[in-house]
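Source file: my_file25.pdb (PDB, C-alpha atoms)
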```pdb
ATOM      1  CA  MET A 306       0.000   0.000   0.000
ATOM      2  CA  THR A 307       1.422   3.402  -0.917
ATOM      3  CA  LEU A 308       1.638   6.294   1.509
ATOM      4  CA  THR A 309      -1.275   8.009  -0.248
ATOM      5  CA  ASP A 310      -3.519   4.928  -0.037
ATOM      6  CA  GLN A 311      -2.695   4.564   3.630
ATOM      7  CA  THR A 312      -3.387   8.270   4.255
ATOM      8  CA  ASP A 313      -6.733   7.876   2.468
ATOM      9  CA  THR A 314      -7.690   4.907   4.670
ATOM     10  CA  ASP A 315      -6.503   6.614   7.851
ATOM     11  CA  LEU A 316      -8.325   9.850   7.028
ATOM     12  CA  ARG A 317     -11.597   8.004   6.399
ATOM     13  CA  SER A 318     -11.302   6.263   9.724
ATOM     14  CA  LEU A 319     -10.501   9.559  11.459
ATOM     15  CA  LEU A 320     -13.532  11.291   9.904
ATOM     16  CA  ASN A 321     -15.683   8.404  11.010
ATOM     17  CA  ASP A 322     -14.356   8.652  14.583
ATOM     18  CA  VAL A 323     -14.708  12.419  14.864
ATOM     19  CA  LEU A 324     -17.975  12.934  12.999
ATOM     20  CA  GLY A 325     -19.692   9.621  13.698
ATOM     21  CA  LEU A 326     -20.503   9.189   9.995
ATOM     22  CA  GLY A 327     -20.875   5.416  10.187
ATOM     23  CA  PRO A 328     -19.240   2.870   7.862
ATOM     24  CA  ALA A 329     -21.548   3.430   4.848
ATOM     25  CA  ARG A 330     -21.132   7.219   4.640
ATOM     26  CA  THR A 331     -17.412   6.899   5.381
ATOM     27  CA  ALA A 332     -16.858   4.386   2.563
ATOM     28  CA  ALA A 333     -18.898   6.517   0.140
ATOM     29  CA  LEU A 334     -16.613   9.569   0.485
ATOM     30  CA  THR A 335     -14.946  10.521  -2.805
ATOM     31  CA  ALA A 336     -12.423  13.248  -3.591
ATOM     32  CA  ASP A 337     -15.335  15.557  -4.462
ATOM     33  CA  SER A 338     -17.380  14.901  -1.318
ATOM     34  CA  GLY A 339     -17.987  18.216   0.430
ATOM     35  CA  LEU A 340     -16.821  18.548   4.043
ATOM     36  CA  PHE A 341     -16.888  22.029   5.602
ATOM     37  CA  GLY A 342     -20.200  23.687   4.801
ATOM     38  CA  ALA A 343     -21.614  20.400   3.459
ATOM     39  CA  LEU A 344     -21.618  18.214   6.582
ATOM     40  CA  PRO A 345     -23.813  19.563   9.378
ATOM     41  CA  GLU A 346     -21.687  17.610  11.879
ATOM     42  CA  LEU A 347     -18.661  19.747  11.029
ATOM     43  CA  ASP A 348     -19.118  22.836  13.227
ATOM     44  CA  SER A 349     -16.194  24.830  14.614
ATOM     45  CA  MET A 350     -15.769  22.552  17.651
ATOM     46  CA  ALA A 351     -15.752  19.492  15.382
ATOM     47  CA  VAL A 352     -13.201  21.131  13.072
ATOM     48  CA  ALA A 353     -10.978  21.883  16.078
ATOM     49  CA  ASN A 354     -11.356  18.277  17.182
ATOM     50  CA  LEU A 355     -10.602  17.020  13.678
ATOM     51  CA  LEU A 356      -7.434  19.138  13.348
ATOM     52  CA  THR A 357      -6.115  17.922  16.703
ATOM     53  CA  GLU A 358      -6.672  14.302  15.691
ATOM     54  CA  ILE A 359      -4.999  14.892  12.313
ATOM     55  CA  GLU A 360      -1.964  16.306  14.122
ATOM     56  CA  ASP A 361      -1.844  13.363  16.520
ATOM     57  CA  ARG A 362      -2.384  10.577  14.036
ATOM     58  CA  PHE A 363      -0.372  11.896  11.088
ATOM     59  CA  GLY A 364       2.408  13.550  13.097
ATOM     60  CA  VAL A 365       2.000  16.964  11.439
ATOM     61  CA  VAL A 366       1.518  20.486  12.811
ATOM     62  CA  ILE A 367      -1.271  22.668  11.427
ATOM     63  CA  GLU A 368      -1.031  26.425  11.908
ATOM     64  CA  ASP A 369      -4.208  28.411  12.576
ATOM     65  CA  ASP A 370      -3.807  30.463   9.381
ATOM     66  CA  GLU A 371      -3.666  27.302   7.255
ATOM     67  CA  VAL A 372      -7.209  26.407   8.224
ATOM     68  CA  ASP A 373      -9.718  27.684   5.699
ATOM     69  CA  GLY A 374     -12.463  26.620   3.318
ATOM     70  CA  ASP A 375      -9.929  25.523   0.682
ATOM     71  CA  MET A 376      -8.262  23.026   2.941
ATOM     72  CA  LEU A 377     -11.525  21.624   4.314
ATOM     73  CA  GLY A 378     -13.741  22.074   1.263
ATOM     74  CA  THR A 379     -13.775  18.466   0.104
ATOM     75  CA  PHE A 380     -12.387  15.104   1.148
ATOM     76  CA  GLY A 381      -9.871  15.421  -1.732
ATOM     77  CA  ASP A 382      -8.724  18.866  -0.511
ATOM     78  CA  LEU A 383      -8.111  17.607   3.004
ATOM     79  CA  LEU A 384      -6.328  14.484   1.767
ATOM     80  CA  ALA A 385      -4.061  16.600  -0.476
ATOM     81  CA  PHE A 386      -3.329  18.976   2.414
ATOM     82  CA  ILE A 387      -2.295  16.142   4.736
ATOM     83  CA  SER A 388      -0.267  14.350   2.040
ATOM     84  CA  ALA A 389       1.648  17.564   1.279
ATOM     85  CA  LYS A 390       2.284  18.087   5.003
ATOM     86  CA  ARG A 391       3.585  14.554   5.418
ATOM     87  CA  VAL A 392       5.990  14.875   2.499
ATOM     88  CA  GLY A 393       7.298  18.088   4.054
ATOM     89  CA  ALA A 394       7.481  16.594   7.564
TER      90      ALA A 394
ATOM     91  CA  MET B 347     -28.560   5.983  41.647
ATOM     92  CA  PRO B 348     -28.082   9.693  42.324
ATOM     93  CA  ALA B 349     -26.459  10.661  45.622
ATOM     94  CA  THR B 350     -25.159  13.948  46.980
ATOM     95  CA  TRP B 351     -21.801  14.683  48.526
ATOM     96  CA  PRO B 352     -20.396  17.754  50.288
ATOM     97  CA  CYS B 353     -18.041  19.621  47.994
ATOM     98  CA  PRO B 354     -15.734  22.457  49.101
ATOM     99  CA  GLY B 355     -16.252  25.670  47.132
ATOM    100  CA  PRO B 356     -15.562  29.395  47.305
ATOM    101  CA  ALA B 357     -18.933  29.968  49.058
ATOM    102  CA  GLY B 358     -18.434  27.123  51.548
ATOM    103  CA  ILE B 359     -19.683  23.566  51.257
ATOM    104  CA  ALA B 360     -22.045  22.891  48.325
ATOM    105  CA  ASP B 361     -24.021  19.731  47.661
ATOM    106  CA  GLU B 362     -22.927  18.075  44.426
ATOM    107  CA  LEU B 363     -24.444  15.079  42.698
ATOM    108  CA  ALA B 364     -22.864  11.744  41.878
ATOM    109  CA  VAL B 365     -24.171   8.644  40.135
ATOM    110  CA  VAL B 366     -23.529   5.892  42.627
ATOM    111  CA  PHE B 367     -23.718   2.088  42.637
ATOM    112  CA  ASP B 368     -23.010   1.420  46.308
ATOM    113  CA  SER B 369     -23.480  -1.924  48.017
ATOM    114  CA  ALA B 370     -20.656  -1.464  50.533
ATOM    115  CA  ARG B 371     -18.415  -3.870  48.663
ATOM    116  CA  GLN B 372     -14.650  -4.198  48.952
ATOM    117  CA  VAL B 373     -13.632  -2.414  45.760
ATOM    118  CA  ARG B 374     -15.037   1.136  45.518
ATOM    119  CA  LEU B 375     -14.132   2.981  42.346
ATOM    120  CA  LEU B 376     -14.177   6.775  42.047
ATOM    121  CA  ILE B 377     -14.652   7.778  38.403
ATOM    122  CA  VAL B 378     -13.223  11.193  37.478
ATOM    123  CA  PRO B 379     -14.854  12.350  34.235
ATOM    124  CA  PRO B 380     -13.186  14.144  31.314
ATOM    125  CA  LEU B 381     -13.335  17.937  31.058
ATOM    126  CA  PHE B 382     -15.508  20.179  28.883
ATOM    127  CA  GLU B 383     -17.447  18.643  25.996
ATOM    128  CA  GLU B 384     -15.749  15.260  26.410
ATOM    129  CA  MET B 385     -17.598  14.853  29.694
ATOM    130  CA  ASN B 386     -20.955  14.965  27.899
ATOM    131  CA  ARG B 387     -19.792  12.687  25.116
ATOM    132  CA  THR B 388     -18.633   9.981  27.542
ATOM    133  CA  ARG B 389     -21.431  10.172  30.110
ATOM    134  CA  ARG B 390     -23.551   7.338  28.749
ATOM    135  CA  MET B 391     -20.493   5.172  28.289
ATOM    136  CA  LEU B 392     -19.361   5.775  31.875
ATOM    137  CA  ILE B 393     -22.759   5.081  33.421
ATOM    138  CA  GLU B 394     -23.027   1.880  31.391
ATOM    139  CA  THR B 395     -19.541   0.983  32.683
ATOM    140  CA  GLN B 396     -20.864   1.526  36.214
ATOM    141  CA  ARG B 397     -23.756  -0.883  35.555
ATOM    142  CA  ARG B 398     -21.321  -3.499  34.273
ATOM    143  CA  LEU B 399     -19.017  -2.976  37.261
ATOM    144  CA  ASP B 400     -22.001  -3.390  39.578
ATOM    145  CA  ALA B 401     -22.738  -6.747  37.947
ATOM    146  CA  LEU B 402     -19.075  -7.721  38.445
ATOM    147  CA  GLY B 403     -19.217  -6.873  42.174
ATOM    148  CA  VAL B 404     -17.528  -3.457  42.113
ATOM    149  CA  ASP B 405     -19.027  -0.303  43.677
ATOM    150  CA  SER B 406     -18.559   2.929  41.755
ATOM    151  CA  MET B 407     -19.242   6.654  42.064
ATOM    152  CA  LEU B 408     -19.245   9.190  39.251
ATOM    153  CA  PRO B 409     -19.305  12.684  40.834
ATOM    154  CA  ASP B 410     -19.948  15.919  38.954
ATOM    155  CA  LEU B 411     -17.012  18.273  38.780
ATOM    156  CA  PRO B 412     -18.140  21.550  40.403
ATOM    157  CA  GLY B 413     -19.513  23.908  37.747
ATOM    158  CA  CYS B 414     -20.162  20.983  35.347
ATOM    159  CA  ASN B 415     -23.135  18.754  34.503
ATOM    160  CA  GLU B 416     -25.829  19.202  37.226
ATOM    161  CA  SER B 417     -23.629  21.320  39.494
ATOM    162  CA  LEU B 418     -25.060  24.661  40.657
ATOM    163  CA  GLN B 419     -21.640  26.174  41.283
ATOM    164  CA  ALA B 420     -20.356  28.688  38.725
ATOM    165  CA  PHE B 421     -18.145  27.244  36.015
ATOM    166  CA  SER B 422     -16.272  30.554  35.885
ATOM    167  CA  ALA B 423     -15.182  30.083  39.526
ATOM    168  CA  GLN B 424     -13.418  26.780  38.787
ATOM    169  CA  SER B 425      -9.756  25.944  38.354
ATOM    170  CA  LEU B 426      -7.802  22.689  38.173
ATOM    171  CA  ARG B 427      -7.149  23.181  41.869
ATOM    172  CA  SER B 428     -10.852  23.474  42.764
ATOM    173  CA  TRP B 429     -11.538  20.300  40.755
ATOM    174  CA  ARG B 430      -8.655  18.495  42.488
ATOM    175  CA  ASP B 431      -9.971  19.544  45.896
ATOM    176  CA  ALA B 432     -13.473  18.431  44.906
ATOM    177  CA  MET B 433     -12.368  15.009  43.665
ATOM    178  CA  ALA B 434     -10.259  14.485  46.792
ATOM    179  CA  ALA B 435     -13.330  15.369  48.899
ATOM    180  CA  ALA B 436     -15.515  12.959  46.890
ATOM    181  CA  ALA B 437     -12.940  10.184  47.298
ATOM    182  CA  GLY B 438     -13.020  10.722  51.067
ATOM    183  CA  HIS B 439     -16.799  11.006  51.320
ATOM    184  CA  PHE B 440     -17.433   7.826  49.350
ATOM    185  CA  ALA B 441     -14.451   5.972  50.891
ATOM    186  CA  ALA B 442     -13.089   5.156  47.446
ATOM    187  CA  THR B 443     -10.437   2.444  47.295
ATOM    188  CA  HIS B 444      -9.570   2.888  43.593
ATOM    189  CA  VAL B 445      -9.815   5.572  40.928
ATOM    190  CA  LEU B 446     -10.496   5.669  37.182
ATOM    191  CA  ALA B 447      -9.666   8.996  35.508
ATOM    192  CA  ILE B 448     -10.685   9.599  31.924
ATOM    193  CA  ARG B 449      -8.833  11.963  29.525
ATOM    194  CA  GLY B 450      -8.616  15.410  31.191
ATOM    195  CA  GLY B 451      -9.813  13.823  34.420
ATOM    196  CA  ALA B 452      -6.183  12.686  34.729
ATOM    197  CA  LEU B 453      -5.276  16.327  35.463
ATOM    198  CA  VAL B 454      -7.441  16.478  38.607
ATOM    199  CA  PHE B 455      -7.867  12.995  40.111
ATOM    200  CA  PRO B 456      -6.729  11.970  43.633
ATOM    201  CA  THR B 457      -3.291  10.521  42.882
ATOM    202  CA  ARG B 458      -3.037   8.740  46.237
ATOM    203  CA  LEU B 459      -5.518   6.101  45.069
ATOM    204  CA  PRO B 460      -4.422   3.120  42.990
ATOM    205  CA  GLY B 461      -6.229   2.600  39.713
ATOM    206  CA  TRP B 462      -6.380   3.476  36.037
ATOM    207  CA  VAL B 463      -6.260   6.406  33.647
ATOM    208  CA  LEU B 464      -7.970   6.070  30.271
ATOM    209  CA  GLU B 465      -6.153   7.889  27.417
ATOM    210  CA  PRO B 466      -4.852  10.776  29.558
ATOM    211  CA  VAL B 467      -4.520  14.122  27.780
ATOM    212  CA  LYS B 468      -2.280  17.125  28.417
ATOM    213  CA  GLY B 469      -3.842  20.382  29.585
ATOM    214  CA  THR B 470      -2.188  22.242  26.718
ATOM    215  CA  SER B 471      -3.847  19.936  24.175
ATOM    216  CA  ILE B 472      -7.280  20.627  25.688
ATOM    217  CA  LEU B 473      -6.619  24.359  25.697
ATOM    218  CA  ARG B 474      -5.271  24.377  22.141
ATOM    219  CA  GLN B 475      -8.400  22.671  20.882
ATOM    220  CA  LEU B 476     -10.703  25.130  22.680
ATOM    221  CA  LEU B 477      -8.702  28.092  21.349
ATOM    222  CA  ARG B 478      -8.879  26.657  17.874
ATOM    223  CA  ALA B 479     -12.667  26.324  18.031
ATOM    224  CA  ARG B 480     -12.924  29.952  19.112
ATOM    225  CA  ILE B 481     -10.583  31.159  16.337
ATOM    226  CA  LEU B 482     -12.585  29.198  13.759
ATOM    227  CA  SER B 483     -15.925  30.630  14.886
ATOM    228  CA  ALA B 484     -14.431  34.121  14.860
ATOM    229  CA  LYS B 485     -13.167  33.512  11.341
ATOM    230  CA  GLU B 486     -16.625  32.414  10.204
ATOM    231  CA  ALA B 487     -17.968  35.654  11.684
ATOM    232  CA  GLY B 488     -15.313  37.613   9.773
ATOM    233  CA  ARG B 489     -13.039  38.360  12.764
ATOM    234  CA  GLU B 490      -9.340  37.503  12.973
ATOM    235  CA  GLU B 491      -8.088  36.191  16.318
ATOM    236  CA  ASN B 492      -4.873  34.375  17.141
ATOM    237  CA  SER B 493      -4.014  31.880  19.848
ATOM    238  CA  ALA B 494      -1.007  33.700  21.312
ATOM    239  CA  GLU B 495      -3.023  36.862  22.003
ATOM    240  CA  LEU B 496      -6.058  34.946  23.252
ATOM    241  CA  LEU B 497      -3.871  32.909  25.576
ATOM    242  CA  GLU B 498      -2.244  36.025  26.997
ATOM    243  CA  LEU B 499      -5.662  37.598  27.551
ATOM    244  CA  GLY B 500      -6.982  34.388  29.076
ATOM    245  CA  ARG B 501      -4.103  34.046  31.534
ATOM    246  CA  ASN B 502      -4.741  37.587  32.751
ATOM    247  CA  GLN B 503      -8.510  37.985  32.635
ATOM    248  CA  GLY B 504     -10.035  34.613  31.866
ATOM    249  CA  LEU B 505     -11.610  33.767  28.526
ATOM    250  CA  GLU B 506     -14.789  32.448  26.968
ATOM    251  CA  LEU B 507     -13.997  29.364  24.893
ATOM    252  CA  ALA B 508     -16.555  27.159  23.146
ATOM    253  CA  GLY B 509     -19.308  28.455  25.425
ATOM    254  CA  TYR B 510     -17.363  27.972  28.667
ATOM    255  CA  ARG B 511     -16.250  30.958  30.753
ATOM    256  CA  LEU B 512     -12.753  29.894  31.866
ATOM    257  CA  SER B 513     -11.200  31.715  34.828
ATOM    258  CA  ALA B 514      -7.644  33.060  34.476
ATOM    259  CA  ALA B 515      -6.570  30.334  36.922
ATOM    260  CA  LEU B 516      -8.132  27.602  34.779
ATOM    261  CA  VAL B 517      -6.457  28.910  31.597
ATOM    262  CA  ALA B 518      -3.081  29.117  33.341
ATOM    263  CA  GLY B 519      -3.573  25.698  34.936
ATOM    264  CA  LEU B 520      -4.462  23.983  31.676
ATOM    265  CA  ASP B 521      -1.572  25.666  29.884
ATOM    266  CA  ALA B 522       0.894  24.148  32.339
ATOM    267  CA  SER B 523      -0.553  20.815  33.374
ATOM    268  CA  LEU B 524       0.347  17.235  32.551
ATOM    269  CA  PRO B 525      -1.545  14.079  33.505
ATOM    270  CA  GLU B 526      -0.648  13.249  37.082
ATOM    271  CA  ASP B 527      -0.742   9.470  36.949
ATOM    272  CA  GLU B 528       1.925   7.920  39.142
ATOM    273  CA  GLY B 529       1.652   4.188  39.291
ATOM    274  CA  GLN B 530      -1.925   4.110  37.986
ATOM    275  CA  ARG B 531      -2.229   1.915  34.901
ATOM    276  CA  VAL B 532      -2.782   3.663  31.571
ATOM    277  CA  ILE B 533      -5.574   2.067  29.532
ATOM    278  CA  ARG B 534      -5.490   2.752  25.792
ATOM    279  CA  GLN B 535      -8.511   2.941  23.518
ATOM    280  CA  ALA B 536      -7.248  -0.083  21.540
ATOM    281  CA  GLU B 537      -7.897  -2.247  24.624
ATOM    282  CA  LEU B 538     -11.589  -1.291  24.522
ATOM    283  CA  GLY B 539     -12.006  -1.715  20.755
ATOM    284  CA  GLY B 540     -14.011   0.588  18.486
ATOM    285  CA  SER B 541     -13.647   4.362  18.167
ATOM    286  CA  ALA B 542     -13.174   6.645  21.129
ATOM    287  CA  LEU B 543     -16.550   8.068  22.136
ATOM    288  CA  TRP B 544     -15.082  11.367  23.363
ATOM    289  CA  LEU B 545     -13.960  12.163  19.820
ATOM    290  CA  SER B 546     -17.351  12.096  18.235
ATOM    291  CA  SER B 547     -19.297  15.330  17.957
ATOM    292  CA  GLU B 548     -22.499  13.237  18.035
ATOM    293  CA  PRO B 549     -22.756  11.692  21.515
ATOM    294  CA  GLY B 550     -22.970   7.934  21.266
ATOM    295  CA  GLU B 551     -22.653   4.794  23.315
ATOM    296  CA  ASP B 552     -21.038   1.431  22.892
ATOM    297  CA  PRO B 553     -21.993  -1.223  25.447
ATOM    298  CA  GLU B 554     -19.121  -3.439  24.251
ATOM    299  CA  GLN B 555     -16.567  -0.767  25.182
ATOM    300  CA  SER B 556     -18.190  -0.246  28.570
ATOM    301  CA  ALA B 557     -18.140  -3.995  29.163
ATOM    302  CA  ALA B 558     -14.459  -4.216  28.178
ATOM    303  CA  LEU B 559     -13.544  -1.342  30.506
ATOM    304  CA  ALA B 560     -15.487  -2.881  33.401
ATOM    305  CA  ARG B 561     -13.813  -6.283  32.834
ATOM    306  CA  ILE B 562     -10.323  -4.715  32.901
ATOM    307  CA  ILE B 563     -11.060  -2.859  36.142
ATOM    308  CA  ALA B 564     -12.825  -5.691  37.951
ATOM    309  CA  GLY B 565     -10.103  -8.160  36.866
ATOM    310  CA  GLU B 566      -7.137  -5.991  37.809
ATOM    311  CA  ALA B 567      -8.656  -4.740  41.067
ATOM    312  CA  ALA B 568      -9.042  -8.347  42.216
ATOM    313  CA  ALA B 569      -5.514  -9.328  41.145
TER     314      ALA B 569
END
```

Would it be possible to restate this file's structure as structure tokens?
Amino acid sequence: MTLTDQTDTDLRSLLNDVLGLGPARTAALTADSGLFGALPELDSMAVANLLTEIEDRFGVVIEDDEVDGDMLGTFGDLLAFISAKRVGA
Amino acid sequence: MPATWPCPGPAGIADELAVVFDSARQVRLLIVPPLFEEMNRTRRMLIETQRRLDALGVDSMLPDLPGCNESLQAFSAQSLRSWRDAMAAAAGHFAATHVLAIRGGALVFPTRLPGWVLEPVKGTSILRQLLRARILSAKEAGREENSAELLELGRNQGLELAGYRLSAALVAGLDASLPEDEGQRVIRQAELGGSALWLSSEPGEDPEQSAALARIIAGEAAA
């Protein structure tokens, strides 16, 4: 399994844990699936929770000014953000 | 079963509530809940754990932290120290023989008791997450805030974070505190199976996790 595949799997499982999406909704996420603004579960507290878990599980640091609609717009955006962070880590 | 216990506070002794399964048995477990939103998210899981412990012959008490849950004391008057004093008083009142602290509960539990801490978390991590939530809501409302300035303000004057009015003492305490387990056994989520219930923004329950936690405690307390 490549790093990207593993990141994809790990991110799905993290979204399931933090947002309680359940296995069916988690498996159905595609790169275009909307996150922030599209999932009612994702309020500011849930985003804060999500970012902390991303930092813990992927070993990256996310600065406050990096957090915006672009990074959290879709599942694909978030995956790309984390993958880029991990390459740079 | 709800019970009350005398809790020290700034205005003298206040009655606080606890959920208690008490049959005067040998092992009496004080459960120190997580802080902030994680307390609400884990409440059903912890009470189910108490039911399972009861069936396994273990007494347990889950007190409210002053200012939290059903408590009538002001949240804004609380600090890690007031929570430590309260949990020490609850341990004495209920004659606890063991303790289970969950997450941020590991910052305020009575360390003299033997027992367990479930996925302890640093005070700074809790604070960082609360600051982040506030910065994100401000951003949505078109205001720029940053954590360094908010933290400075909070340490001097207290701060409202995610709907909680934190005293200056609580901000400073969280910013400096580490889990205080010394000899208590750390239980990891992987031992319970499933996803951690305190993570999920939708409160849930998982009887299997509660059963696993109760089995670990009842088994190791008897060993």

Practice prompt. Please provide the set of residues having any atom within 9 Å of region 330-335 of chain A, restricted to all atoms listed in the file, with same-chain residues fewer than 4 positions apart removed, written as a PyMOL selection string.
Written response: chain A and resi 317-318+320-321+326+339+379-381

Using only C-alpha atoms, which residues of chain A come within 9 Å of chain B, and what is the closest atom pair for each, with the distance in Å to one decimal? Give it as a tab-separated table, sorted by chain and residue number.
```
residue	atom	partner	partner_atom	distance
A:Ser318	CA	B:Ser541	CA	9.0
A:Asn321	CA	B:Ser546	CA	8.3
A:Asp322	CA	B:Ser541	CA	5.6
A:Val323	CA	B:Ser546	CA	4.3
A:Leu324	CA	B:Ser546	CA	5.3
A:Gly325	CA	B:Ser546	CA	5.7
A:Glu346	CA	B:Ser547	CA	6.9
A:Leu347	CA	B:Ser547	CA	8.2
A:Asp348	CA	B:Ser483	CA	8.6
A:Ser349	CA	B:Ala479	CA	5.1
A:Met350	CA	B:Ala479	CA	4.9
A:Ala351	CA	B:Ser547	CA	6.0
A:Val352	CA	B:Ala479	CA	7.2
A:Ala353	CA	B:Ala479	CA	5.1
A:Asn354	CA	B:Gln475	CA	6.5
A:Leu355	CA	B:Leu545	CA	8.5
A:Leu356	CA	B:Gln475	CA	8.4
A:Thr357	CA	B:Gln475	CA	6.7
A:Glu358	CA	B:Leu545	CA	8.6
A:Asp369	CA	B:Arg478	CA	7.3
A:Asp370	CA	B:Asn492	CA	8.8
A:Val372	CA	B:Leu482	CA	8.2
A:Asp373	CA	B:Leu482	CA	8.7
```

Would you compute, for all listed atoms of region 312-325 of chain A, the axis-aligned bounding box grown by 3 Å on each side, and then report its centre and edge lengths in Å rounded to one decimal, as JSON?
```
{"center_x": -11.5, "center_y": 8.9, "center_z": 8.7, "size_x": 22.3, "size_y": 14.0, "size_z": 18.4}
```

Worksheet item: In Å to one decimal, how far is CA of Ile359 (chain A) from CA of Ala336 (chain A)?
Response: 17.6 Å

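The neighbours of Ala518 (chain B) here are the residues that come within 10 Å of it, using only C-alpha atoms and leaving out any residue fewer than 3 positions away in the same chain; they are Ser425, Leu426, Gly469, Thr470, Leu473, Leu497, Glu498, Gly500, Arg501, Asn502, Gly504, Leu512, Ser513, Ala514, Ala515, Asp521, Ala522 and Ser523 of chain B.
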
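Our summary of the geometry notes that CA of Ile393 (chain B) is positioned 21.0 Å from CA of Leu418 (chain B).
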
Discussion item. The PyMOL selection byres ((chain B and resi 407) around 8) - which residues does that actually catch in the file I just gave you? List them as a count of residues only.
Written reply: 15

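Across the chains present, the PyMOL selection byres ((chain B and resi 531) around 6) applied to this file returns Trp462, Gln530 and Val532 of chain B.
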
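Our summary of the geometry notes that CA of Glu384 (chain B) is positioned 26.3 Å from CA of Thr312 (chain A).
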
Please list as a PDB file with C-alpha atoms, keeping the file's coordinate frame every residue within 12 Å of Arg449 (chain B), counting all atoms listed in the file and excluding residues in the same chain fewer than 2 positions away.
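After the write, out.pdb holds the following:
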```pdb
ATOM      1  CA  ILE B 377     -14.652   7.778  38.403  1.00  0.00           C
ATOM      2  CA  VAL B 378     -13.223  11.193  37.478  1.00  0.00           C
ATOM      3  CA  PRO B 379     -14.854  12.350  34.235  1.00  0.00           C
ATOM      4  CA  PRO B 380     -13.186  14.144  31.314  1.00  0.00           C
ATOM      5  CA  LEU B 381     -13.335  17.937  31.058  1.00  0.00           C
ATOM      6  CA  PHE B 382     -15.508  20.179  28.883  1.00  0.00           C
ATOM      7  CA  GLU B 383     -17.447  18.643  25.996  1.00  0.00           C
ATOM      8  CA  GLU B 384     -15.749  15.260  26.410  1.00  0.00           C
ATOM      9  CA  MET B 385     -17.598  14.853  29.694  1.00  0.00           C
ATOM     10  CA  ARG B 387     -19.792  12.687  25.116  1.00  0.00           C
ATOM     11  CA  THR B 388     -18.633   9.981  27.542  1.00  0.00           C
ATOM     12  CA  LEU B 446     -10.496   5.669  37.182  1.00  0.00           C
ATOM     13  CA  ALA B 447      -9.666   8.996  35.508  1.00  0.00           C
ATOM     14  CA  GLY B 451      -9.813  13.823  34.420  1.00  0.00           C
ATOM     15  CA  ALA B 452      -6.183  12.686  34.729  1.00  0.00           C
ATOM     16  CA  LEU B 453      -5.276  16.327  35.463  1.00  0.00           C
ATOM     17  CA  VAL B 454      -7.441  16.478  38.607  1.00  0.00           C
ATOM     18  CA  PHE B 455      -7.867  12.995  40.111  1.00  0.00           C
ATOM     19  CA  TRP B 462      -6.380   3.476  36.037  1.00  0.00           C
ATOM     20  CA  VAL B 463      -6.260   6.406  33.647  1.00  0.00           C
ATOM     21  CA  LEU B 464      -7.970   6.070  30.271  1.00  0.00           C
ATOM     22  CA  GLU B 465      -6.153   7.889  27.417  1.00  0.00           C
ATOM     23  CA  PRO B 466      -4.852  10.776  29.558  1.00  0.00           C
ATOM     24  CA  VAL B 467      -4.520  14.122  27.780  1.00  0.00           C
ATOM     25  CA  LYS B 468      -2.280  17.125  28.417  1.00  0.00           C
ATOM     26  CA  GLY B 469      -3.842  20.382  29.585  1.00  0.00           C
ATOM     27  CA  SER B 471      -3.847  19.936  24.175  1.00  0.00           C
ATOM     28  CA  ILE B 472      -7.280  20.627  25.688  1.00  0.00           C
ATOM     29  CA  LEU B 524       0.347  17.235  32.551  1.00  0.00           C
ATOM     30  CA  PRO B 525      -1.545  14.079  33.505  1.00  0.00           C
ATOM     31  CA  GLU B 526      -0.648  13.249  37.082  1.00  0.00           C
ATOM     32  CA  ASP B 527      -0.742   9.470  36.949  1.00  0.00           C
ATOM     33  CA  VAL B 532      -2.782   3.663  31.571  1.00  0.00           C
ATOM     34  CA  ILE B 533      -5.574   2.067  29.532  1.00  0.00           C
ATOM     35  CA  ARG B 534      -5.490   2.752  25.792  1.00  0.00           C
ATOM     36  CA  GLN B 535      -8.511   2.941  23.518  1.00  0.00           C
ATOM     37  CA  ALA B 542     -13.174   6.645  21.129  1.00  0.00           C
ATOM     38  CA  LEU B 543     -16.550   8.068  22.136  1.00  0.00           C
ATOM     39  CA  TRP B 544     -15.082  11.367  23.363  1.00  0.00           C
ATOM     40  CA  LEU B 545     -13.960  12.163  19.820  1.00  0.00           C
TER      41      LEU B 545
END
```

Worksheet item: Do you know which residues are at most 10 Å from Pro356 (chain B) counting all atoms listed in the file, after dropping those on the same chain fewer than 6 positions away, and could you put them as JSON, numbers by chain?
Response: {"B": [419, 420, 423, 424, 428]}

Fill in: the PyMOL selection byres ((chain A and resi 391) around 10) resolved against shown file, as a list in words
Leu308, Thr309, Thr312, Phe363, Gly364, Val365, Val366, Ala385, Phe386, Ile387, Ser388, Ala389, Lys390, Val392, Gly393 and Ala394 of chain A

Those same residues - C-alpha atoms - I'd like them written as a PDB file, in the coordinates of the input.
```pdb
ATOM      1  CA  LEU A 308       1.638   6.294   1.509  1.00  0.00           C
ATOM      2  CA  THR A 309      -1.275   8.009  -0.248  1.00  0.00           C
ATOM      3  CA  THR A 312      -3.387   8.270   4.255  1.00  0.00           C
ATOM      4  CA  PHE A 363      -0.372  11.896  11.088  1.00  0.00           C
ATOM      5  CA  GLY A 364       2.408  13.550  13.097  1.00  0.00           C
ATOM      6  CA  VAL A 365       2.000  16.964  11.439  1.00  0.00           C
ATOM      7  CA  VAL A 366       1.518  20.486  12.811  1.00  0.00           C
ATOM      8  CA  ALA A 385      -4.061  16.600  -0.476  1.00  0.00           C
ATOM      9  CA  PHE A 386      -3.329  18.976   2.414  1.00  0.00           C
ATOM     10  CA  ILE A 387      -2.295  16.142   4.736  1.00  0.00           C
ATOM     11  CA  SER A 388      -0.267  14.350   2.040  1.00  0.00           C
ATOM     12  CA  ALA A 389       1.648  17.564   1.279  1.00  0.00           C
ATOM     13  CA  LYS A 390       2.284  18.087   5.003  1.00  0.00           C
ATOM     14  CA  VAL A 392       5.990  14.875   2.499  1.00  0.00           C
ATOM     15  CA  GLY A 393       7.298  18.088   4.054  1.00  0.00           C
ATOM     16  CA  ALA A 394       7.481  16.594   7.564  1.00  0.00           C
TER      17      ALA A 394
END
```
